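Coordinates as given in start01.txt (compact mmCIF, C-alpha atoms):
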# COMPACT_ATOMS: atom_id res chain seq x y z
CA MET F 4 98.04 16.00 28.32
CA PHE F 5 98.81 19.13 26.38
CA LYS F 6 102.42 18.06 26.14
CA LEU F 7 101.35 14.69 24.80
CA PHE F 8 99.22 16.33 22.10
CA SER F 9 102.05 18.70 21.35
CA ASN F 10 104.47 15.82 20.92
CA VAL F 11 102.07 13.90 18.73
CA TRP F 12 101.41 16.99 16.65
CA ASN F 13 105.11 17.70 16.22
CA GLN F 14 105.87 14.14 15.22
CA PHE F 15 102.92 13.44 12.96
CA LYS F 16 101.57 16.82 11.90
CA GLU F 17 101.90 16.07 8.16
CA TYR F 18 99.87 12.89 8.55
CA LEU F 19 97.30 14.51 10.84
CA VAL F 20 96.71 17.30 8.32
CA LEU F 21 96.47 14.74 5.51
CA ILE F 22 94.01 12.54 7.40
CA SER F 23 91.85 15.53 8.36
CA LEU F 24 91.65 16.77 4.78
CA VAL F 25 90.96 13.28 3.43
CA ILE F 26 88.10 12.87 5.90
CA ILE F 27 86.67 16.26 4.86
CA SER F 28 86.96 15.25 1.19
CA LEU F 29 85.22 11.94 1.76
CA SER F 30 82.41 13.56 3.71
CA LEU F 31 81.96 16.10 0.90
CA LEU F 32 81.72 13.23 -1.58
CA THR F 33 78.69 11.95 0.29
CA GLN F 34 77.04 15.37 0.32
CA ASN F 35 76.85 16.01 -3.42
CA ASN F 36 73.06 15.94 -3.57
CA ASN F 37 72.58 18.03 -0.45
CA SER F 38 70.53 21.13 -1.32
CA GLN F 39 72.79 23.43 0.70
CA VAL F 40 75.83 22.13 -1.14
CA GLN F 41 74.02 22.63 -4.45
CA LYS F 42 73.33 26.25 -3.51
CA VAL F 43 76.95 26.90 -2.61
CA ARG F 44 78.05 25.28 -5.83
CA ALA F 45 75.59 27.35 -7.90
CA LEU F 46 76.86 30.52 -6.23
CA ALA F 47 80.50 29.55 -6.79
CA PHE F 48 80.30 28.60 -10.43
CA GLY F 49 77.88 31.45 -11.18
CA SER F 50 80.35 34.00 -9.84
CA PHE F 51 83.34 32.46 -11.50
CA ALA F 52 81.60 31.91 -14.84
CA ALA F 53 81.08 35.67 -15.13
CA VAL F 54 84.86 36.06 -15.18
CA THR F 55 85.39 33.04 -17.37
CA SER F 56 82.95 34.26 -20.01
CA VAL F 57 84.98 37.44 -20.55
CA PHE F 58 88.22 35.49 -20.70
CA TYR F 59 86.79 32.90 -23.06
CA ASP F 60 85.61 35.55 -25.52
CA VAL F 61 89.12 36.96 -25.78
CA PHE F 62 90.48 33.61 -26.92
CA ASN F 63 87.51 32.70 -28.98
CA ILE F 64 88.17 35.32 -31.65
CA THR F 65 87.02 33.23 -34.56
CA GLN F 66 83.35 33.53 -33.80
CA LEU F 67 81.24 36.16 -35.44
CA LYS F 68 78.74 36.14 -32.68
CA ASN F 69 75.62 37.81 -33.95
CA GLU F 70 75.54 36.29 -37.38
CA ASN F 71 76.40 32.89 -35.99
CA VAL F 72 73.63 33.01 -33.39
CA VAL F 73 71.05 33.68 -36.09
CA LEU F 74 72.41 30.98 -38.41
CA ARG F 75 72.84 28.42 -35.68
CA ARG F 76 69.34 29.03 -34.38
CA LEU F 77 68.07 28.43 -37.89
CA ASN F 78 70.18 25.30 -38.19
CA ALA F 79 69.06 24.01 -34.81
CA GLU F 80 65.41 24.57 -35.63
CA MET F 81 65.85 22.86 -38.99
CA MET F 82 67.66 19.98 -37.34
CA MET F 83 64.80 19.56 -34.90
CA GLN F 84 62.24 19.79 -37.69
CA LEU F 85 64.16 17.32 -39.81
CA SER F 86 64.45 14.98 -36.90
CA MET F 87 60.74 15.30 -36.22
CA LEU F 88 59.97 14.72 -39.89
CA ARG F 89 62.11 11.59 -39.95
CA GLU F 90 60.32 10.37 -36.89
CA GLN F 91 56.93 11.14 -38.34
CA GLY F 92 57.82 9.52 -41.64
CA ILE F 93 58.95 6.29 -40.03
CA LEU F 94 56.00 6.16 -37.67
CA ASN F 95 53.63 6.91 -40.52
CA ARG F 96 54.97 4.00 -42.50
CA GLU F 97 54.75 1.68 -39.55
CA LEU F 98 51.25 2.60 -38.54
CA LYS F 99 50.04 3.01 -42.12
CA GLY F 100 48.52 6.34 -41.45
CA MET F 101 46.27 5.01 -38.72
CA LEU F 102 47.56 7.26 -36.02
CA GLY F 103 47.53 11.01 -35.84
CA PHE F 104 50.31 12.95 -34.30
CA LYS F 105 50.43 16.26 -32.60
CA ASP F 106 52.44 18.83 -34.44
CA SER F 107 55.26 19.53 -32.02
CA SER F 108 57.80 20.95 -34.43
CA SER F 109 57.91 24.35 -32.79
CA LEU F 110 60.02 23.35 -29.83
CA PRO F 111 61.18 26.27 -27.66
CA LEU F 112 64.92 26.93 -27.94
CA THR F 113 67.11 29.30 -25.93
CA PRO F 114 70.51 30.20 -27.38
CA ALA F 115 73.60 30.15 -25.16
CA THR F 116 77.35 30.30 -25.49
CA ILE F 117 79.81 28.02 -23.79
CA VAL F 118 81.98 30.07 -21.45
CA SER F 119 84.19 27.27 -20.15
CA LYS F 120 84.81 23.59 -20.58
CA SER F 121 86.01 21.32 -17.80
CA LEU F 122 87.53 18.42 -19.66
CA SER F 123 88.51 15.18 -18.03
CA ILE F 124 88.28 11.68 -19.37
CA THR F 125 85.39 10.79 -17.10
CA GLN F 126 83.55 13.97 -16.16
CA ASN F 127 83.24 16.41 -19.02
CA THR F 128 81.15 19.43 -18.15
CA ILE F 129 80.50 22.76 -19.86
CA THR F 130 79.43 26.08 -18.41
CA ILE F 131 77.00 28.14 -20.49
CA ASN F 132 75.95 31.77 -20.18
CA ALA F 133 72.26 31.19 -19.54
CA GLY F 134 70.64 30.37 -16.24
CA LYS F 135 67.52 30.70 -14.14
CA THR F 136 66.89 34.19 -15.56
CA GLU F 137 66.32 32.64 -18.99
CA GLY F 138 64.11 29.96 -17.45
CA LEU F 139 66.65 27.15 -17.49
CA LYS F 140 66.17 24.21 -15.14
CA PRO F 141 68.20 21.11 -14.35
CA GLY F 142 67.32 18.31 -16.73
CA MET F 143 66.85 20.41 -19.86
CA PRO F 144 68.65 19.08 -22.95
CA VAL F 145 71.52 21.08 -24.44
CA ILE F 146 71.73 20.73 -28.21
CA SER F 147 73.62 22.13 -31.16
CA TYR F 148 72.54 22.12 -34.76
CA ARG F 149 74.29 18.75 -35.14
CA GLY F 150 72.65 16.98 -32.24
CA LEU F 151 72.61 16.40 -28.50
CA VAL F 152 75.43 17.96 -26.45
CA GLY F 153 74.36 17.21 -22.87
CA ILE F 154 71.95 17.85 -20.02
CA ILE F 155 71.72 20.81 -17.67
CA GLN F 156 72.98 19.73 -14.26
CA SER F 157 72.86 22.88 -12.18
CA CYS F 158 71.76 26.50 -12.67
CA SER F 159 72.68 29.81 -11.10
CA GLU F 160 70.95 33.10 -12.00
CA ASN F 161 72.93 33.72 -15.19
CA PHE F 162 74.94 30.56 -15.81
CA SER F 163 74.43 26.83 -15.92
CA ILE F 164 76.60 23.74 -15.84
CA ALA F 165 75.76 20.90 -18.19
CA ARG F 166 76.98 17.33 -18.21
CA THR F 167 78.04 16.35 -21.70
CA LEU F 168 77.54 12.97 -23.34
CA LYS F 169 81.10 12.10 -22.32
CA ASN F 170 80.34 12.14 -18.61
CA VAL F 171 80.08 8.88 -16.71
CA ASP F 172 77.20 10.24 -14.64
CA LEU F 173 74.96 10.83 -17.65
CA LYS F 174 72.96 7.85 -18.87
CA LEU F 175 70.27 8.23 -21.52
CA THR F 176 67.60 6.09 -23.09
CA VAL F 177 68.16 6.12 -26.83
CA LYS F 178 66.85 4.16 -29.77
CA ASN F 179 67.89 3.02 -33.18
CA GLU F 180 66.05 5.22 -35.66
CA LYS F 181 65.82 2.40 -38.17
CA ASN F 182 64.17 -0.31 -36.12
CA ARG F 183 63.02 1.55 -32.98
CA LEU F 184 65.00 -0.64 -30.58
CA ASN F 185 65.81 1.08 -27.29
CA GLY F 186 68.93 0.92 -25.18
CA ILE F 187 70.87 2.74 -22.48
CA LEU F 188 73.60 5.07 -23.72
CA LYS F 189 76.51 5.74 -21.40
CA TRP F 190 80.10 6.93 -21.39
CA ASP F 191 82.47 4.50 -19.69
CA GLY F 192 85.44 6.85 -19.63
CA GLU F 193 86.72 5.67 -22.99
CA LYS F 194 83.81 4.91 -25.26
CA LEU F 195 80.29 6.17 -25.80
CA MET F 196 78.17 3.06 -26.10
CA ILE F 197 74.79 1.42 -25.75
CA VAL F 198 75.20 -1.33 -23.21
CA ASP F 199 73.57 -4.71 -22.65
CA VAL F 200 71.97 -4.98 -26.07
CA PRO F 201 70.74 -8.53 -26.79
CA ARG F 202 72.58 -10.08 -29.71
CA THR F 203 69.25 -10.71 -31.42
CA TYR F 204 68.70 -6.95 -31.75
CA ASP F 205 69.32 -5.74 -35.26
CA PHE F 206 71.96 -3.03 -34.98
CA ASP F 207 74.26 -2.27 -37.92
CA VAL F 208 77.25 0.02 -38.29
CA GLY F 209 76.02 3.34 -39.62
CA ASP F 210 72.58 3.24 -37.96
CA ARG F 211 71.43 6.60 -36.62
CA ILE F 212 70.84 6.78 -32.86
CA ILE F 213 68.35 9.28 -31.46
CA THR F 214 66.92 9.96 -28.03
CA SER F 215 63.95 7.83 -27.16
CA GLU F 216 60.46 9.02 -26.31
CA ILE F 217 60.49 6.72 -23.29
CA SER F 218 63.42 8.67 -21.83
CA SER F 219 62.59 10.44 -18.60
CA ILE F 220 65.01 13.22 -19.54
CA ILE F 221 64.55 13.88 -23.24
CA PRO F 222 61.14 12.89 -24.56
CA VAL F 223 61.65 14.23 -28.11
CA PRO F 224 63.84 12.64 -30.78
CA ILE F 225 67.20 14.41 -30.91
CA PRO F 226 70.05 13.01 -32.99
CA VAL F 227 72.80 11.56 -30.79
CA GLY F 228 75.20 9.76 -33.11
CA ILE F 229 75.77 6.81 -35.40
CA VAL F 230 76.76 3.25 -34.67
CA SER F 231 80.50 3.00 -35.27
CA LYS F 232 81.25 -0.52 -34.05
CA ILE F 233 79.49 -3.54 -32.58
CA GLU F 234 81.37 -5.54 -29.99
CA ASP F 235 80.56 -8.72 -28.03
CA ASP F 236 80.51 -8.32 -24.28
CA LYS F 237 82.26 -10.72 -21.94
CA THR F 238 79.25 -13.02 -21.51
CA GLY F 239 78.82 -13.57 -25.23
CA LEU F 240 75.07 -13.02 -24.87
CA LEU F 241 74.96 -9.26 -25.25
CA ASN F 242 76.42 -6.65 -27.55
CA LEU F 243 78.10 -3.34 -26.81
CA ILE F 244 77.16 -0.84 -29.47
CA HIS F 245 79.80 1.86 -29.93
CA ILE F 246 78.42 5.27 -30.85
CA LYS F 247 80.17 8.13 -32.63
CA PRO F 248 78.39 11.29 -31.45
CA PHE F 249 77.26 13.85 -34.01
CA GLU F 250 78.54 16.69 -31.83
CA GLU F 251 81.98 16.82 -30.28
CA VAL F 252 82.23 18.86 -27.08
CA LEU F 253 85.65 20.12 -28.06
CA SER F 254 84.47 21.93 -31.16
CA VAL F 255 81.10 23.23 -30.03
CA GLU F 256 80.89 26.89 -28.99
CA ASN F 257 77.25 27.88 -29.30
CA VAL F 258 74.41 25.73 -28.10
CA PHE F 259 70.68 25.79 -27.56
CA ILE F 260 68.71 24.67 -24.59
CA LEU F 261 65.51 22.85 -25.34
CA MET F 262 63.15 24.45 -22.84
CA ILE F 263 61.36 21.30 -21.81
CA VAL F 264 61.56 19.19 -18.69
CA GLU F 265 59.86 15.85 -18.82
CA ASN F 266 56.88 15.23 -16.61
CA ALA F 267 57.95 14.90 -12.98
CA GLU F 268 55.40 12.20 -12.27
CA LYS F 269 56.80 10.16 -15.13
CA ASN F 270 60.29 10.84 -13.88
CA ASN F 271 59.45 9.40 -10.52
CA LEU F 272 58.30 6.20 -12.14
CA GLU F 273 61.44 5.68 -14.14
CA LEU F 274 64.97 4.90 -13.14
CA ASN F 275 66.81 7.14 -15.51
CA PHE F 276 67.99 9.93 -13.22
CA TYR F 277 70.19 12.76 -14.35
CA ASN F 278 71.48 13.24 -10.78
CA ARG F 279 73.49 10.42 -9.33
CA MET B 10 100.85 36.75 8.17
CA LYS B 11 103.37 35.82 5.55
CA LEU B 12 102.64 36.67 1.93
CA LYS B 13 103.52 33.16 0.85
CA TYR B 14 100.23 31.86 2.27
CA PHE B 15 98.24 34.04 -0.11
CA ILE B 16 100.28 33.43 -3.24
CA PRO B 17 98.60 30.07 -4.07
CA LEU B 18 95.19 31.75 -3.92
CA ILE B 19 96.36 34.57 -6.18
CA VAL B 20 97.91 32.07 -8.60
CA PHE B 21 94.76 29.91 -8.57
CA ILE B 22 92.61 32.39 -10.48
CA PRO B 23 94.74 32.75 -13.65
CA VAL B 24 95.63 29.06 -13.59
CA VAL B 25 92.02 27.89 -13.40
CA LEU B 26 90.98 30.43 -16.03
CA ILE B 27 93.56 28.99 -18.40
CA GLN B 28 92.58 25.45 -17.42
CA LEU B 29 88.92 26.04 -18.27
CA THR B 30 89.23 28.29 -21.31
CA VAL B 31 92.55 27.84 -23.12
CA ILE B 32 93.56 24.29 -22.29
CA PRO B 33 90.53 22.73 -24.06
CA PHE B 34 92.00 24.07 -27.32
CA ILE B 35 95.10 21.90 -26.88
CA SER B 36 93.33 18.75 -25.74
CA ILE B 37 94.13 15.47 -27.45
CA GLN B 38 91.20 13.05 -27.49
CA GLU B 39 89.70 14.76 -24.42
CA ILE B 40 93.01 14.43 -22.59
CA VAL B 41 94.20 17.71 -21.12
CA PRO B 42 97.17 18.71 -19.00
CA ASN B 43 96.35 19.52 -15.39
CA LEU B 44 97.79 22.97 -14.67
CA LEU B 45 96.34 23.04 -11.17
CA LEU B 46 98.31 19.95 -10.27
CA ILE B 47 101.53 21.48 -11.59
CA ALA B 48 100.91 24.49 -9.35
CA VAL B 49 100.18 22.26 -6.36
CA VAL B 50 103.41 20.33 -6.91
CA TYR B 51 105.35 23.57 -7.25
CA PHE B 52 104.01 25.00 -4.00
CA SER B 53 104.44 21.69 -2.23
CA ILE B 54 108.12 21.40 -3.12
CA SER B 55 108.86 25.05 -2.49
CA ASN B 56 106.98 25.43 0.81
CA GLY B 57 106.82 21.99 2.36
CA GLN B 58 104.52 19.02 2.74
CA ILE B 59 101.82 20.54 4.94
CA PHE B 60 101.63 23.63 2.77
CA GLY B 61 101.37 21.44 -0.33
CA THR B 62 98.69 19.24 1.20
CA VAL B 63 96.55 22.21 2.22
CA THR B 64 97.10 23.92 -1.15
CA GLY B 65 96.07 20.72 -2.93
CA ALA B 66 92.91 20.47 -0.85
CA SER B 67 92.03 24.14 -1.44
CA TYR B 68 92.66 23.95 -5.18
CA GLY B 69 90.70 20.72 -5.46
CA LEU B 70 87.72 22.03 -3.51
CA LEU B 71 87.56 25.29 -5.45
CA PHE B 72 87.91 23.48 -8.76
CA ASP B 73 85.15 21.03 -7.82
CA LEU B 74 82.89 23.94 -6.96
CA ILE B 75 83.38 25.88 -10.16
CA SER B 76 83.74 23.06 -12.67
CA GLY B 77 80.73 20.91 -11.76
CA ASN B 78 82.79 17.82 -10.97
CA LEU B 79 81.77 15.47 -8.19
CA LEU B 80 82.33 17.61 -5.08
CA GLY B 81 85.23 16.24 -3.07
CA SER B 82 86.77 14.14 -5.86
CA ASN B 83 89.37 16.69 -6.94
CA MET B 84 89.85 17.77 -3.35
CA LEU B 85 90.75 14.25 -2.27
CA SER B 86 93.01 13.53 -5.23
CA LYS B 87 94.88 16.82 -5.06
CA THR B 88 95.27 16.63 -1.29
CA ILE B 89 97.09 13.34 -1.64
CA ALA B 90 99.03 14.54 -4.70
CA GLY B 91 100.21 17.60 -2.75
CA PHE B 92 101.18 15.39 0.17
CA ILE B 93 103.24 13.10 -2.05
CA ALA B 94 104.94 16.03 -3.79
CA GLY B 95 105.86 17.28 -0.33
CA TYR B 96 108.25 14.35 0.10
CA PHE B 97 110.48 16.10 -2.44
CA SER B 98 110.59 19.26 -0.38
CA GLY B 99 113.25 20.25 2.12
CA GLU B 100 116.20 22.61 2.38
CA THR B 101 118.61 20.32 0.58
CA ARG B 102 116.20 18.91 -1.97
CA ARG B 103 114.27 22.02 -2.93
CA ASP B 104 116.61 23.39 -5.56
CA LYS B 105 117.23 19.95 -6.99
CA TYR B 106 113.57 19.16 -7.53
CA LEU B 107 112.23 22.62 -8.27
CA TYR B 108 114.59 24.04 -10.84
CA THR B 109 115.79 20.96 -12.73
CA TYR B 110 114.06 18.39 -14.89
CA SER B 111 113.54 16.32 -11.74
CA PHE B 112 110.52 18.58 -11.26
CA THR B 113 108.81 16.85 -14.18
CA LEU B 114 109.38 13.48 -12.52
CA VAL B 115 107.69 14.71 -9.33
CA VAL B 116 104.84 16.10 -11.43
CA PHE B 117 104.47 12.74 -13.18
CA ILE B 118 104.28 10.79 -9.92
CA SER B 119 101.83 13.24 -8.38
CA ALA B 120 99.73 13.45 -11.56
CA LEU B 121 99.53 9.68 -11.73
CA VAL B 122 98.31 9.45 -8.13
CA ASP B 123 95.93 12.39 -8.65
CA ALA B 124 94.41 10.91 -11.80
CA MET B 125 94.12 7.41 -10.33
CA ILE B 126 92.25 8.61 -7.26
CA PHE B 127 90.05 10.91 -9.34
CA SER B 128 89.25 8.06 -11.74
CA PHE B 129 88.45 5.73 -8.87
CA PHE B 130 85.63 8.02 -7.76
CA SER B 131 84.50 8.75 -11.30
CA VAL B 132 84.47 5.32 -12.91
CA ILE B 133 83.26 2.78 -10.42
CA ASP B 134 81.97 0.28 -12.94
CA PHE B 135 82.65 -3.34 -12.18
CA ASN B 136 81.89 -4.41 -15.75
CA THR B 137 85.11 -2.86 -17.01
CA ASN B 138 88.63 -3.95 -16.25
CA PHE B 139 89.34 -1.66 -13.35
CA LEU B 140 93.12 -1.78 -13.57
CA GLN B 141 93.04 -1.17 -17.29
CA ALA B 142 90.63 1.72 -16.83
CA LEU B 143 92.90 3.28 -14.22
CA PHE B 144 95.84 2.79 -16.53
CA ASN B 145 94.07 4.50 -19.42
CA HIS B 146 92.51 7.28 -17.38
CA ALA B 147 95.57 8.03 -15.30
CA LEU B 148 98.63 7.40 -17.40
CA LEU B 149 97.86 9.41 -20.51
CA PRO B 150 96.75 12.62 -18.74
CA SER B 151 99.76 12.28 -16.43
CA ILE B 152 102.15 12.11 -19.37
CA TYR B 153 100.54 15.17 -20.97
CA THR B 154 100.71 17.06 -17.66
CA THR B 155 104.36 16.08 -17.29
CA ILE B 156 105.20 17.36 -20.77
CA VAL B 157 103.55 20.71 -20.05
CA SER B 158 105.36 20.94 -16.72
CA ILE B 159 108.64 21.18 -18.62
CA LEU B 160 107.67 24.83 -19.16
CA VAL B 161 108.02 25.43 -15.44
CA VAL B 162 111.64 24.28 -15.63
CA VAL B 163 112.46 26.05 -18.87
CA VAL B 164 110.92 29.45 -18.16
CA PRO B 165 113.46 31.55 -16.18
CA TYR B 166 111.35 32.79 -13.28
CA LYS B 167 113.30 31.24 -10.44
CA ARG B 168 112.19 32.07 -6.92
CA ALA B 169 109.47 34.38 -8.20
CA PHE B 170 106.98 32.90 -5.74
CA ASN B 171 109.32 32.27 -2.84

Is it possible to give me this structure as structure tokens?
Amino acid sequence: MFKLFSNVWNQFKEYLVLISLVIISLSLLTQNNNSQVQKVRALAFGSFAAVTSVFYDVFNITQLKNENVVLRRLNAEMMMQLSMLREQGILNRELKGMLGFKDSSSLPLTPATIVSKSLSITQNTITINAGKTEGLKPGMPVISYRGLVGIIQSCSENFSIARTLKNVDLKLTVKNEKNRLNGILKWDGEKLMIVDVPRTYDFDVGDRIITSEISSIIPVPIPVGIVSKIEDDKTGLLNLIHIKPFEEVLSVENVFILMIVENAEKNNLELNFYNR
Amino acid sequence: MKLKYFIPLIVFIPVVLIQLTVIPFISIQEIVPNLLLIAVVYFSISNGQIFGTVTGASYGLLFDLISGNLLGSNMLSKTIAGFIAGYFSGETRRDKYLYTYSFTLVVFISALVDAMIFSFFSVIDFNTNFLQALFNHALLPSIYTTIVSILVVVVPYKRAFN
């Protein structure tokens, strides 16, 4: 028996090793949402991000950190206020002053710096130097002064990984600022677009797209991008709305985390999950 | 225990640091060269198919853990890429494929397989043309990786890791 195994091993050892590793890989693919796996992952990227952050700073010599942090915080707050004002203005016109709104302009922001970027066509992620210690939680929006960058996916004590808009696993409810029409924004590996939009919906090139209040992830209006192209889908009944994001992951260095997580009860009722 | 078994792990740290911090600066439309794959191909040709397969799996798993990608996706793709690169290993073929421009051809084949498998697990969307998506997601990064791999042939470091 041993001799048989030995012969088989000697003849097919390359294939046996390959098959074993492929089986391990496939089983890992099914365990992505396992809490133990998440803990191991948080520990791994948390430890490595500490090294990466030092390395990244060396190459990122153009940033004047302290001054930039202050200015970017100011810009981010102004962007949020402007966005809120736009929202309030439009809603005021629509409702003719009949409704009152809560003043929610003072949204809590936590500054962070990107310490590494994992770029691929389908799964762009960034690692930032803020984590559980700063109060970050999965699901919090990551923004810059230009607009939405992504969503926190996983946190360790001092670092977090965020999925950017150009990640196939991130799908967001957004709306056209002009006419309040909602849609699902997603990255298909090539284009950022709002999918399955009825052709009767009034979308025009140049329209501003913001996050929608019905989103289970981001309940406040944050600028996302502008409509760059409108394309018919294969059925001829629906449109694909191409979006040019306000913020490009490649150029962003400093970000803010909006310290809000939408109501869990509401989350459970909706289908827009940030974890696949 | 031979030192050669530890060299891939030692090489992994600087390579992944460069991949995550420097390489984004030279990306073209989000397309970046895959330095980890070049290293896997190198070790696979220089040390054999099993070594390359295991190195690919290790690199893929570690990269999945620290980059936030779907756990197992890089491991699977790089395992198979390392296995394929191993076909170009062997006493008589090693020098031919490791120190000449043939190395870039091996990198291209492995990168294409790596990117196609990775894309398969990343973009399962039946509304898009699957073949076209694979073509776009796999071919362009593979070409960029191949171009960067020329450095491995040009830089005179021969047998430094053997």

Write out as a ChimeraX atom specification every residue belonging to chain F that has an atom at most 8 Å from any atom of chain B, counting all atoms listed in the file. /F:16-17,20-21,24-25,28-32,34-35,43-44,47-49,51-52,55,58-59,62,118-126,128-130,164,171,191-192,253

Which distance in Å separates CA of Arg183 (chain F) and CA of Gly239 (chain F), to one decimal?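 Distance reported for this atom pair: 23.2 Å.
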
Would you compute the distance between CA of Val157 (chain B) and CA of Leu44 (chain B)? Give it in Å to one decimal.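 So the two atoms, CA of Val157 (chain B) and CA of Leu44 (chain B), lie 8.2 Å apart.
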
Kindly give the distance, in Å, that separates CA of Pro114 (chain F) and CA of Glu251 (chain F), rounded to a single decimal.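 Pair CA of Pro114 (chain F) / CA of Glu251 (chain F) returns 17.9 Å.
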
If you count only C-alpha atoms, which residues fall within 8 Å of Asn185 (chain F), apart from same-chain ones fewer than 4 positions away, as an MDAnalysis selection string? chainID F and resid 176:179 215

Using all atoms listed in the file, which residue out of F:Thr116, F:Ser159, F:Asn127, F:Ser219 lies closest to Lys140 (chain F)? F:Ser159

Which residue is closest to Ala90 (chain B)? Choose from B:Phe15, B:Phe144, B:Phe129, B:Phe117 and count only C-alpha atoms. B:Phe117

Using all atoms listed in the file, which residue out of F:Phe8, F:Tyr204, F:Tyr148, F:Phe259 lies closest to Ala79 (chain F)?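 Of all the options, F:Tyr148 lies closest to Ala79 (chain F).
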
Leaving out His245 (chain F) and any residue of its chain fewer than 2 positions from it, which residues lie within 7 Å of it when counting all atoms listed in the file, given as a PyMOL selection string? chain F and resi 194-197+230-233+243+247
